[in-house]
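Student: To be precise about what I am sending: the file is called target-v4.txt and holds compact mmCIF, C-alpha atoms.
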```txt
# COMPACT_ATOMS: atom_id res chain seq x y z
CA MET A 28 23.35 -92.96 -68.83
CA LYS A 29 20.46 -90.71 -69.83
CA ILE A 30 18.20 -89.49 -67.05
CA LEU A 31 14.93 -87.59 -67.20
CA ALA A 32 13.33 -86.39 -63.95
CA LEU A 33 10.05 -84.61 -63.35
CA ASP A 34 8.04 -83.13 -60.48
CA THR A 35 4.54 -81.68 -60.84
CA SER A 36 3.43 -81.76 -57.20
CA THR A 37 3.20 -77.97 -56.91
CA SER A 38 2.13 -75.18 -59.27
CA LYS A 39 5.66 -75.43 -60.70
CA ILE A 40 6.54 -77.97 -63.40
CA VAL A 41 10.13 -79.06 -62.74
CA VAL A 42 12.15 -80.98 -65.32
CA TYR A 43 15.76 -82.22 -65.24
CA TYR A 44 17.63 -84.02 -68.02
CA ARG A 45 21.17 -85.36 -67.98
CA ASP A 46 23.33 -87.39 -70.31
CA SER A 47 27.12 -87.75 -70.63
CA GLU A 48 27.45 -84.42 -72.42
CA LYS A 49 24.90 -82.05 -70.96
CA ILE A 50 22.50 -81.14 -68.17
CA ILE A 51 19.31 -79.30 -69.07
CA THR A 52 16.66 -78.01 -66.71
CA GLN A 53 13.33 -76.30 -67.24
CA THR A 54 10.61 -75.02 -64.97
CA TYR A 55 7.22 -73.47 -65.60
CA MET A 56 5.09 -71.97 -62.85
CA GLY A 57 1.80 -70.25 -63.63
CA LYS A 58 -1.92 -70.14 -63.34
CA ASP A 59 -2.60 -72.52 -66.23
CA LYS A 60 -3.16 -76.21 -65.65
CA HIS A 61 -0.10 -78.42 -66.02
CA GLY A 62 -1.45 -80.36 -69.01
CA ARG A 63 -0.69 -77.85 -71.73
CA ASN A 64 2.57 -76.46 -70.35
CA LEU A 65 4.12 -79.83 -69.62
CA GLY A 66 3.83 -80.51 -73.35
CA VAL A 67 5.63 -77.26 -74.22
CA VAL A 68 8.36 -77.98 -71.67
CA MET A 69 8.92 -81.47 -73.08
CA ASN A 70 8.94 -80.26 -76.66
CA ASN A 71 11.52 -77.66 -75.70
CA LEU A 72 13.80 -80.45 -74.50
CA LYS A 73 13.64 -82.02 -77.96
CA ASN A 74 15.16 -78.84 -79.40
CA PHE A 75 18.42 -79.95 -77.77
CA ASN A 76 18.32 -83.13 -79.86
CA ILE A 77 17.07 -85.29 -77.04
CA ASN A 78 15.25 -88.43 -78.02
CA PHE A 79 12.97 -89.68 -75.26
CA GLU A 80 13.31 -93.25 -76.48
CA ASP A 81 16.99 -93.18 -75.52
CA ILE A 82 16.35 -92.38 -71.87
CA ASP A 83 17.60 -95.05 -69.43
CA VAL A 84 16.09 -93.92 -66.13
CA VAL A 85 13.03 -91.83 -65.32
CA GLY A 86 12.87 -90.04 -61.95
CA ILE A 87 9.52 -88.95 -60.54
CA GLY A 88 8.48 -86.67 -57.68
CA ILE A 89 5.51 -88.52 -56.16
CA GLY A 90 4.12 -85.79 -53.89
CA PRO A 91 2.42 -85.22 -51.53
CA GLY A 92 0.85 -82.39 -53.46
CA SER A 93 -1.93 -81.37 -55.78
CA LEU A 94 -3.46 -84.61 -56.95
CA THR A 95 -4.43 -83.34 -60.40
CA GLY A 96 -0.96 -81.95 -60.96
CA LEU A 97 0.69 -85.12 -59.71
CA ARG A 98 -1.43 -87.32 -61.94
CA VAL A 99 -0.52 -85.32 -65.04
CA GLY A 100 3.19 -85.58 -64.25
CA ILE A 101 3.20 -89.19 -63.15
CA SER A 102 1.15 -90.33 -66.17
CA PHE A 103 3.51 -88.51 -68.47
CA ALA A 104 6.58 -89.97 -66.77
CA LEU A 105 5.10 -93.46 -66.85
CA GLY A 106 4.32 -93.06 -70.53
CA LEU A 107 7.99 -92.32 -71.11
CA SER A 108 9.25 -95.02 -68.83
CA ILE A 109 7.98 -98.15 -70.56
CA ASP A 110 10.92 -100.58 -70.50
CA LYS A 111 13.00 -98.12 -68.50
CA LYS A 112 14.12 -98.03 -64.90
CA ILE A 113 12.26 -95.77 -62.48
CA VAL A 114 13.22 -94.03 -59.24
CA VAL A 115 10.91 -91.93 -57.06
CA VAL A 116 11.47 -89.06 -54.62
CA PRO A 117 8.93 -87.59 -52.15
CA SER A 118 8.19 -83.99 -53.13
CA THR A 119 8.56 -82.79 -49.52
CA LYS A 120 12.19 -83.99 -49.70
CA LEU A 121 12.65 -82.03 -52.93
CA ILE A 122 11.48 -78.89 -51.16
CA ALA A 123 13.66 -79.62 -48.12
CA ALA A 124 16.65 -79.92 -50.49
CA ASN A 125 16.44 -76.14 -50.99
CA LEU A 126 17.97 -75.75 -47.54
CA MET A 127 20.13 -78.84 -47.18
CA ASN A 128 23.59 -78.25 -45.66
CA SER A 129 22.22 -75.33 -43.67
CA GLY A 130 23.13 -76.91 -40.32
CA LYS A 131 19.46 -77.00 -39.36
CA ASN A 132 16.52 -79.36 -39.45
CA ILE A 133 14.10 -78.54 -42.23
CA VAL A 134 10.36 -78.50 -41.58
CA VAL A 135 8.40 -78.64 -44.83
CA THR A 136 4.71 -77.72 -44.52
CA ARG A 137 2.16 -77.44 -47.28
CA LYS A 138 -1.44 -76.35 -47.23
CA ALA A 139 -3.93 -79.23 -47.22
CA ARG A 140 -7.70 -79.01 -46.74
CA GLN A 141 -9.04 -76.09 -44.66
CA GLY A 142 -7.37 -76.00 -41.24
CA TYR A 143 -4.86 -78.73 -42.11
CA ILE A 144 -1.34 -78.98 -43.43
CA TYR A 145 0.75 -81.83 -44.59
CA GLY A 146 4.44 -81.89 -44.06
CA ALA A 147 7.62 -83.74 -43.16
CA VAL A 148 10.78 -83.01 -41.20
CA TYR A 149 14.32 -83.68 -42.45
CA ASP A 150 17.78 -83.11 -41.05
CA GLU A 151 20.26 -81.03 -43.03
CA TYR A 152 21.39 -84.16 -44.92
CA LEU A 153 17.76 -84.89 -45.85
CA ASN A 154 17.39 -87.87 -43.56
CA ASN A 155 13.76 -88.25 -42.49
CA ILE A 156 13.14 -87.09 -38.91
CA VAL A 157 9.35 -87.12 -39.23
CA GLU A 158 8.00 -88.90 -42.28
CA PRO A 159 5.27 -87.25 -44.38
CA PHE A 160 2.15 -86.63 -42.27
CA VAL A 161 -1.14 -84.76 -42.34
CA GLU A 162 -2.16 -82.77 -39.28
CA SER A 163 -4.45 -79.95 -38.18
CA ILE A 164 -2.66 -76.60 -37.98
CA GLU A 165 -3.66 -76.47 -34.32
CA ASN A 166 -2.09 -79.82 -33.44
CA PHE A 167 1.04 -79.25 -35.48
CA SER A 168 1.55 -75.89 -33.74
CA LYS A 169 1.95 -77.79 -30.46
CA GLU A 170 4.52 -80.19 -32.00
CA PHE A 171 6.20 -77.24 -33.59
CA GLU A 172 6.72 -75.39 -30.31
CA LYS A 173 8.91 -78.24 -29.05
CA MET A 174 11.28 -78.15 -32.04
CA GLU A 175 14.74 -76.65 -31.85
CA ASN A 176 17.30 -75.59 -34.45
CA PHE A 177 15.09 -75.70 -37.53
CA VAL A 178 13.87 -73.69 -40.50
CA VAL A 179 10.31 -73.91 -41.80
CA ILE A 180 9.47 -73.67 -45.52
CA GLY A 181 6.66 -74.57 -47.90
CA ASP A 182 3.43 -72.74 -48.63
CA GLY A 183 2.16 -73.66 -45.16
CA ALA A 184 5.15 -72.02 -43.43
CA GLU A 185 3.17 -68.83 -42.91
CA TYR A 186 1.15 -70.55 -40.16
CA PHE A 187 4.30 -71.19 -38.16
CA GLY A 188 6.18 -67.91 -38.42
CA GLY A 189 8.12 -68.90 -41.55
CA ASN A 190 9.61 -65.81 -43.19
CA LEU A 191 12.13 -67.17 -45.68
CA PRO A 192 12.05 -66.26 -49.40
CA GLU A 193 9.17 -67.83 -51.31
CA ILE A 194 11.57 -69.50 -53.76
CA TYR A 195 12.30 -72.12 -51.07
CA ASN A 196 8.67 -73.32 -51.21
CA TYR A 197 8.98 -75.05 -54.58
CA PRO A 198 11.16 -77.88 -55.90
CA GLU A 199 14.24 -76.92 -57.93
CA PRO A 200 15.36 -78.96 -60.94
CA SER A 201 19.05 -79.19 -60.02
CA ARG A 202 18.18 -80.52 -56.57
CA LEU A 203 15.64 -82.91 -58.12
CA GLY A 204 18.48 -84.18 -60.31
CA TYR A 205 20.80 -84.46 -57.32
CA LEU A 206 18.30 -86.56 -55.36
CA VAL A 207 17.30 -88.72 -58.33
CA GLU A 208 20.96 -89.48 -59.06
CA LYS A 209 21.48 -90.52 -55.44
CA GLU A 210 18.62 -93.01 -55.79
CA ILE A 211 20.13 -94.33 -59.02
CA GLU A 212 23.55 -94.72 -57.35
CA VAL A 213 22.10 -97.08 -54.75
CA GLU A 214 19.92 -98.73 -57.42
CA ASN A 215 16.75 -97.90 -55.56
CA PHE A 216 14.54 -98.71 -58.55
CA VAL A 217 10.81 -99.24 -58.18
CA GLU A 218 8.33 -101.39 -60.10
CA LYS A 219 5.25 -99.32 -59.48
CA VAL A 220 4.63 -95.58 -59.18
CA GLU A 221 1.77 -94.07 -57.21
CA PRO A 222 1.21 -90.61 -55.83
CA LEU A 223 2.15 -90.37 -52.17
CA TYR A 224 -1.18 -90.06 -50.37
CA ILE A 225 -0.73 -89.06 -46.78
CA GLN A 226 -3.13 -90.55 -44.36
CA LYS A 227 -1.29 -90.59 -41.07
CA SER A 228 -1.01 -87.91 -38.41
CA ILE A 229 2.18 -87.50 -36.38
CA ALA A 230 0.42 -89.11 -33.41
CA GLU A 231 -0.27 -92.22 -35.49
CA ILE A 232 3.32 -92.35 -36.78
CA ASN A 233 4.68 -92.06 -33.22
CA PHE A 234 2.24 -94.67 -31.95
CA GLU A 235 3.33 -97.13 -34.63
CA LYS A 236 7.01 -96.50 -33.90
CA LYS A 237 6.46 -97.19 -30.21
CA LYS A 238 4.53 -100.31 -31.04
CA GLN A 239 7.32 -101.51 -33.35
CA ARG A 240 9.92 -100.98 -30.63
CA LYS A 241 7.73 -102.81 -28.13
CA ASP A 242 7.04 -105.67 -30.51
CA GLY A 243 10.65 -105.78 -31.72
CA MET B 13 6.30 -56.00 -65.28
CA LYS B 14 8.13 -58.44 -67.56
CA ILE B 15 11.62 -59.47 -66.50
CA LEU B 16 14.26 -61.49 -68.35
CA ALA B 17 17.48 -62.40 -66.55
CA LEU B 18 20.55 -64.22 -67.81
CA ASP B 19 23.88 -65.49 -66.50
CA THR B 20 26.58 -67.06 -68.69
CA SER B 21 29.58 -66.67 -66.41
CA THR B 22 30.07 -70.43 -65.95
CA SER B 23 29.64 -73.46 -68.22
CA LYS B 24 25.93 -73.24 -67.35
CA ILE B 25 23.57 -70.94 -69.24
CA VAL B 26 21.01 -69.69 -66.73
CA VAL B 27 17.81 -67.96 -67.82
CA TYR B 28 14.88 -66.61 -65.79
CA TYR B 29 11.68 -65.03 -67.11
CA ARG B 30 8.79 -63.59 -65.13
CA ASP B 31 5.61 -61.71 -65.95
CA SER B 32 2.34 -61.27 -64.04
CA GLU B 33 1.13 -64.74 -64.98
CA LYS B 34 4.13 -67.03 -65.05
CA ILE B 35 7.72 -67.75 -64.12
CA ILE B 36 9.84 -69.78 -66.53
CA THR B 37 13.42 -70.91 -66.04
CA GLN B 38 15.85 -72.77 -68.23
CA THR B 39 19.43 -73.91 -67.87
CA TYR B 40 21.88 -75.63 -70.20
CA MET B 41 25.26 -76.91 -69.09
CA GLY B 42 27.52 -78.77 -71.46
CA LYS B 43 30.72 -78.98 -73.38
CA ASP B 44 29.52 -76.90 -76.34
CA LYS B 45 30.20 -73.20 -76.56
CA HIS B 46 27.44 -70.94 -75.28
CA GLY B 47 26.73 -69.32 -78.64
CA ARG B 48 24.60 -72.04 -80.16
CA ASN B 49 22.78 -73.21 -77.05
CA LEU B 50 21.86 -69.74 -75.86
CA GLY B 51 19.91 -69.43 -79.10
CA VAL B 52 18.03 -72.69 -78.45
CA VAL B 53 17.27 -71.64 -74.86
CA MET B 54 15.89 -68.30 -76.01
CA ASN B 55 13.82 -69.84 -78.79
CA ASN B 56 12.37 -72.25 -76.25
CA LEU B 57 11.13 -69.28 -74.23
CA LYS B 58 9.20 -68.06 -77.26
CA ASN B 59 7.22 -71.32 -77.25
CA PHE B 60 5.49 -69.96 -74.13
CA ASN B 61 4.25 -66.99 -76.19
CA ILE B 62 6.86 -64.63 -74.83
CA ASN B 63 7.66 -61.64 -76.99
CA PHE B 64 11.09 -60.22 -76.20
CA GLU B 65 9.99 -56.77 -77.32
CA ASP B 66 7.56 -56.61 -74.39
CA ILE B 67 10.23 -57.10 -71.74
CA ASP B 68 10.55 -54.19 -69.29
CA VAL B 69 13.73 -55.04 -67.40
CA VAL B 70 16.76 -57.14 -68.34
CA GLY B 71 18.91 -58.59 -65.54
CA ILE B 72 22.48 -59.65 -66.25
CA GLY B 73 25.07 -61.67 -64.33
CA ILE B 74 28.30 -59.80 -64.98
CA GLY B 75 30.85 -62.32 -63.72
CA PRO B 76 33.61 -62.72 -62.73
CA GLY B 77 33.85 -65.77 -64.96
CA SER B 78 34.80 -67.09 -68.36
CA LEU B 79 35.26 -64.00 -70.50
CA THR B 80 34.07 -65.63 -73.72
CA GLY B 81 30.96 -66.96 -72.03
CA LEU B 82 30.24 -63.64 -70.35
CA ARG B 83 30.61 -61.73 -73.61
CA VAL B 84 28.12 -64.00 -75.38
CA GLY B 85 25.57 -63.53 -72.63
CA ILE B 86 26.08 -59.84 -72.06
CA SER B 87 25.97 -59.05 -75.80
CA PHE B 88 22.77 -61.02 -76.12
CA ALA B 89 21.20 -59.32 -73.09
CA LEU B 90 22.27 -55.89 -74.35
CA GLY B 91 20.77 -56.65 -77.73
CA LEU B 92 17.47 -57.36 -75.99
CA SER B 93 17.69 -54.40 -73.67
CA ILE B 94 17.61 -51.50 -76.11
CA ASP B 95 15.19 -48.98 -74.56
CA LYS B 96 14.74 -51.18 -71.52
CA LYS B 97 15.92 -50.90 -67.94
CA ILE B 98 18.92 -52.96 -66.85
CA VAL B 99 20.08 -54.37 -63.51
CA VAL B 100 23.29 -56.31 -62.90
CA VAL B 101 24.33 -58.94 -60.32
CA PRO B 102 27.88 -60.24 -59.66
CA SER B 103 28.01 -63.94 -60.55
CA THR B 104 29.86 -64.77 -57.31
CA LYS B 105 26.78 -63.49 -55.46
CA LEU B 106 24.57 -65.73 -57.61
CA ILE B 107 26.65 -68.74 -56.57
CA ALA B 108 26.62 -67.64 -52.91
CA ALA B 109 22.80 -67.48 -53.12
CA ASN B 110 22.80 -71.30 -53.29
CA LEU B 111 23.57 -71.31 -49.57
CA MET B 112 21.92 -68.15 -48.32
CA ASN B 113 20.02 -68.46 -45.02
CA SER B 114 22.40 -71.23 -43.92
CA GLY B 115 23.56 -69.31 -40.85
CA LYS B 116 27.09 -69.24 -42.21
CA ASN B 117 29.34 -66.99 -44.22
CA ILE B 118 29.72 -68.14 -47.79
CA VAL B 119 33.15 -68.25 -49.43
CA VAL B 120 32.84 -68.47 -53.23
CA THR B 121 36.04 -69.46 -55.03
CA ARG B 122 36.52 -70.08 -58.72
CA LYS B 123 39.52 -71.28 -60.67
CA ALA B 124 41.45 -68.48 -62.38
CA ARG B 125 44.82 -68.76 -64.16
CA GLN B 126 47.21 -71.51 -62.99
CA GLY B 127 47.81 -71.24 -59.23
CA TYR B 128 45.21 -68.52 -58.74
CA ILE B 129 41.56 -68.28 -57.79
CA TYR B 130 39.11 -65.50 -57.77
CA GLY B 131 36.41 -65.28 -55.20
CA ALA B 132 34.30 -63.26 -52.81
CA VAL B 133 32.89 -63.72 -49.32
CA TYR B 134 29.26 -63.04 -48.33
CA ASP B 135 27.28 -63.36 -45.13
CA GLU B 136 24.19 -65.56 -45.09
CA TYR B 137 22.07 -62.60 -46.26
CA LEU B 138 24.44 -62.08 -49.20
CA ASN B 139 25.99 -58.89 -47.84
CA ASN B 140 29.55 -58.54 -49.12
CA ILE B 141 32.16 -59.36 -46.49
CA VAL B 142 35.07 -59.47 -48.94
CA GLU B 143 34.33 -58.03 -52.36
CA PRO B 144 35.38 -59.97 -55.49
CA PHE B 145 39.16 -60.47 -55.54
CA VAL B 146 41.86 -62.42 -57.35
CA GLU B 147 44.52 -64.16 -55.27
CA SER B 148 47.11 -66.93 -55.45
CA ILE B 149 45.86 -70.18 -53.92
CA GLU B 150 48.81 -69.98 -51.51
CA ASN B 151 47.95 -66.53 -50.22
CA PHE B 152 44.24 -67.21 -49.99
CA SER B 153 44.95 -70.36 -47.98
CA LYS B 154 46.46 -68.14 -45.27
CA GLU B 155 43.41 -65.84 -45.25
CA PHE B 156 41.21 -68.88 -45.28
CA GLU B 157 42.75 -70.38 -42.15
CA LYS B 158 41.62 -67.35 -40.13
CA MET B 159 37.96 -67.67 -41.15
CA GLU B 160 35.30 -69.05 -38.86
CA ASN B 161 31.72 -70.26 -39.38
CA PHE B 162 31.74 -70.51 -43.15
CA VAL B 163 31.06 -72.81 -46.07
CA VAL B 164 33.19 -72.83 -49.23
CA ILE B 165 31.72 -73.45 -52.68
CA GLY B 166 32.60 -72.86 -56.33
CA ASP B 167 34.86 -74.85 -58.63
CA GLY B 168 37.88 -73.64 -56.63
CA ALA B 169 36.50 -75.01 -53.34
CA GLU B 170 38.53 -78.21 -53.77
CA TYR B 171 41.72 -76.29 -52.90
CA PHE B 172 40.28 -75.37 -49.50
CA GLY B 173 38.71 -78.60 -48.30
CA GLY B 174 35.29 -77.86 -49.80
CA ASN B 175 33.22 -81.04 -49.98
CA LEU B 176 29.67 -79.86 -50.65
CA PRO B 177 27.62 -81.13 -53.62
CA GLU B 178 28.79 -79.82 -56.99
CA ILE B 179 25.36 -78.32 -57.74
CA TYR B 180 26.24 -75.42 -55.38
CA ASN B 181 29.07 -74.35 -57.71
CA TYR B 182 26.81 -72.95 -60.42
CA PRO B 183 24.18 -70.19 -60.49
CA GLU B 184 20.54 -71.23 -60.24
CA PRO B 185 17.80 -69.47 -62.22
CA SER B 186 15.33 -69.03 -59.35
CA ARG B 187 18.01 -67.40 -57.21
CA LEU B 188 19.10 -65.25 -60.16
CA GLY B 189 15.47 -64.10 -60.39
CA TYR B 190 15.33 -63.48 -56.65
CA LEU B 191 18.43 -61.27 -56.72
CA VAL B 192 17.45 -59.44 -59.90
CA GLU B 193 14.03 -58.64 -58.44
CA LYS B 194 15.69 -57.25 -55.30
CA GLU B 195 17.74 -54.90 -57.50
CA ILE B 196 14.58 -53.85 -59.36
CA GLU B 197 12.77 -53.19 -56.05
CA VAL B 198 15.38 -50.65 -55.02
CA GLU B 199 15.54 -49.32 -58.60
CA ASN B 200 19.23 -50.05 -58.86
CA PHE B 201 19.26 -49.61 -62.64
CA VAL B 202 22.49 -49.15 -64.57
CA GLU B 203 23.32 -47.29 -67.77
CA LYS B 204 26.25 -49.38 -68.86
CA VAL B 205 27.04 -53.09 -68.62
CA GLU B 206 30.55 -54.48 -68.55
CA PRO B 207 31.92 -57.83 -67.43
CA LEU B 208 33.29 -57.68 -63.90
CA TYR B 209 37.07 -57.91 -64.35
CA ILE B 210 38.81 -58.54 -61.10
CA GLN B 211 42.11 -56.90 -60.66
CA LYS B 212 42.52 -56.49 -56.93
CA SER B 213 43.95 -58.90 -54.39
CA ILE B 214 42.56 -59.03 -50.85
CA ALA B 215 45.65 -57.18 -49.61
CA GLU B 216 44.89 -54.31 -51.95
CA ILE B 217 41.21 -54.25 -50.94
CA ASN B 218 42.18 -54.16 -47.24
CA PHE B 219 44.80 -51.47 -47.85
CA GLU B 220 42.25 -49.27 -49.59
CA LYS B 221 39.69 -49.77 -46.84
CA LYS B 222 42.24 -48.75 -44.21
CA LYS B 223 43.18 -45.72 -46.26
CA GLN B 224 39.52 -44.74 -46.64
CA ARG B 225 39.00 -44.96 -42.89
CA LYS B 226 42.12 -42.90 -42.27
CA ASP B 227 41.19 -40.31 -44.89
CA GLY B 228 37.56 -40.25 -43.78
```
Show me this structure written as structure tokens.

Tutor:
Amino acid sequence: MKILALDTSTSKIVVYYRDSEKIITQTYMGKDKHGRNLGVVMNNLKNFNINFEDIDVVGIGIGPGSLTGLRVGISFALGLSIDKKIVVVPSTKLIAANLMNSGKNIVVTRKARQGYIYGAVYDEYLNNIVEPFVESIENFSKEFEKMENFVVIGDGAEYFGGNLPEIYNYPEPSRLGYLVEKEIEVENFVEKVEPLYIQKSIAEINFEKKKQRKDG
Amino acid sequence: MKILALDTSTSKIVVYYRDSEKIITQTYMGKDKHGRNLGVVMNNLKNFNINFEDIDVVGIGIGPGSLTGLRVGISFALGLSIDKKIVVVPSTKLIAANLMNSGKNIVVTRKARQGYIYGAVYDEYLNNIVEPFVESIENFSKEFEKMENFVVIGDGAEYFGGNLPEIYNYPEPSRLGYLVEKEIEVENFVEKVEPLYIQKSIAEINFEKKKQRKDG
């Protein structure tokens, strides 16, 4: 099976390729827009005699993240994926994967519009504890104070006392590959790919959960 | 400052480049020998308008690891590094970096000759607890039983009940960059680069430490 996976939700372009003989990864992070550099990255892959037409499954990081960046990546991936299978991974989970198996819950926070962050919380095995949300920094600080046994990463971590190396704030290609392959294993293929827009605050998520329990 | 870093101690070629505007990483892991693919990887870097003559510091993973692989990488890096500064990082530390900040000590073990492993032990901040050693699997099992609060990774982890994802067994370019930049920060430059041959067992390391304490 030949797999190509891609995430462009942050300022870092992250690409993973695997077939039966080799694994290749590439990343580019810089000031330029993703458009130009994604082309260079993909052309570089071809220098290893990879033919995009032979790919069986395309994996895509669907954000949340920079909408322009996401659109570039998702359009490109969709262009490749005609007649191929597709799996998707939330980009917050990709970032959380940088600290999986650390024995702690992982709080991923990223800067949103002024005064707001979006984020998600995972356990060390990357199970969702709080699904992706958007929240004011002020409100999330209150939620945050109640949490125990966690690490906080992402470019919004600075608002919550995060002091881990900056490399944890961006997706890594090998962990993208790891998560994409897990989706393929359970045949979690999707028909349609859209960027993950986050509209719900934690309060709304909790309210809906309560309502579901009540109704159920 | 322009930095190029390289590790070829495992079956994975790991390359990291950074200048004031961009960070680029590439990896290749496969059955082929490193010679050919290292060339492709390096040519791919040039497609981002990188001129190797402009590099200021070269960072090199010095093993322990496959001697042939290491020689290819180190020769290449040395060829680039004429008139440039050089920093080195043990490849066991690069592997340990996959689980830094996990709150646990990190035991890195790699397969050596039949019945033997080499390895090293680090704390979660990558301070050396046991420096790189070679040991029979039998003897290390006894040492291993005494250890507490640790994780074990590397392609020798299977002998000691290691069951973490395989991606932790190989160096990652972003963590190579992180460690190389830490060496540059403290100006830990070296004049000479040689592969890290490991000759000492843990017993010998402990004996020498005791002797040092006694003599000191």

Student: Counting all atoms listed in the file, collect the residues of chain A whose closest atom lies at most 7 Å from chain B, and write them out as a ChimeraX atom specification.

Tutor: /A:48-58,67,71,74,129-130,194,201

Student: Between atom CA of Lys105 of chain B and atom CA of Asp68 of chain B, measure the distance and give it in Å to one decimal.

Tutor: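 Going from atom CA of Lys105 of chain B over to atom CA of Asp68 of chain B covers 23.3 Å.
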
Student: Within 6 Å of segment 88-94 of chain A, counting all atoms listed in the file, which residues qualify if same-chain residues fewer than 6 places away don't, as a compact mmCIF listing (two decimals) with C-alpha atoms, in the frame of the given file?

Tutor:
```
# COMPACT_ATOMS: atom_id res chain seq x y z
CA ASP A 34 8.04 -83.13 -60.48
CA SER A 36 3.43 -81.76 -57.20
CA VAL A 115 10.91 -91.93 -57.06
CA VAL A 116 11.47 -89.06 -54.62
CA PRO A 117 8.93 -87.59 -52.15
CA SER A 118 8.19 -83.99 -53.13
CA PRO A 222 1.21 -90.61 -55.83
CA LEU A 223 2.15 -90.37 -52.17
```

Student: So, with all atoms listed in the file as the atoms that count, which of B:Glu160, B:Val202, B:Leu138, B:Ile149 lies closest to Arg125 of chain B?

Tutor: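 So, comparing all the options, the nearest one is B:Ile149.
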
Student: Given only C-alpha atoms as the basis, pick out the residue of B:Asn181, B:Thr80, B:Asn218, B:Thr20 nearest to Gly168 of chain B.

Tutor: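 Looking at the shortest contact to Gly168 of chain B, the residue is B:Asn181.
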
Student: Looking at B:Leu50, B:Glu193, B:Leu106, B:Thr22, which one is nearest to Asp167 of chain B, with distances taken over all atoms listed in the file?

Tutor: B:Thr22

Student: Step by step: start from the point (-2.8, -76.7, -45.4) in the file's coordinates, keep every protein, DNA or RNA residue that has an atom no farther than 12 Å from it, count only C-alpha atoms, and write the set as number ranges by chain.

Tutor: A: 91-93, 135-146, 160-165, 167, 181-187

Student: Can you tell me how far atom CA of Ala123 of chain A sits from atom CA of Asn155 of chain A, in Å to one decimal?

Tutor: 10.3 Å

Student: Between A:Met28, A:Leu206, A:Val99, A:Ile156, which is the closest to Val134 of chain A once you count all atoms listed in the file?

Tutor: A:Ile156

Student: I want to know what sits within 6 Å of Ala147 of chain A, based on only C-alpha atoms, with residues of the same chain fewer than 5 positions away left out; could you give that as a ChimeraX atom specification?

Tutor: /A:135,157-159

Student: To one decimal place, how far is atom CA of Ala32 of chain A from atom CA of Val85 of chain A in Å?

Tutor: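 It comes out at 5.6 Å.
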
Student: With distances taken over only C-alpha atoms, which of A:Gly66, A:Gly96, A:Gly188, A:Gly86 is nearest to Ser108 of chain A?

Tutor: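 When distances to Ser108 of chain A are compared using only C-alpha atoms, the smallest one comes from A:Gly86.
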
Student: Point out the residue among A:Asn166, A:Ala124, A:Lys112, A:Lys173 with the least atom-to-atom distance to Glu151 of chain A, counting only C-alpha atoms.

Tutor: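 That would be A:Ala124, the residue with the smallest distance to Glu151 of chain A.
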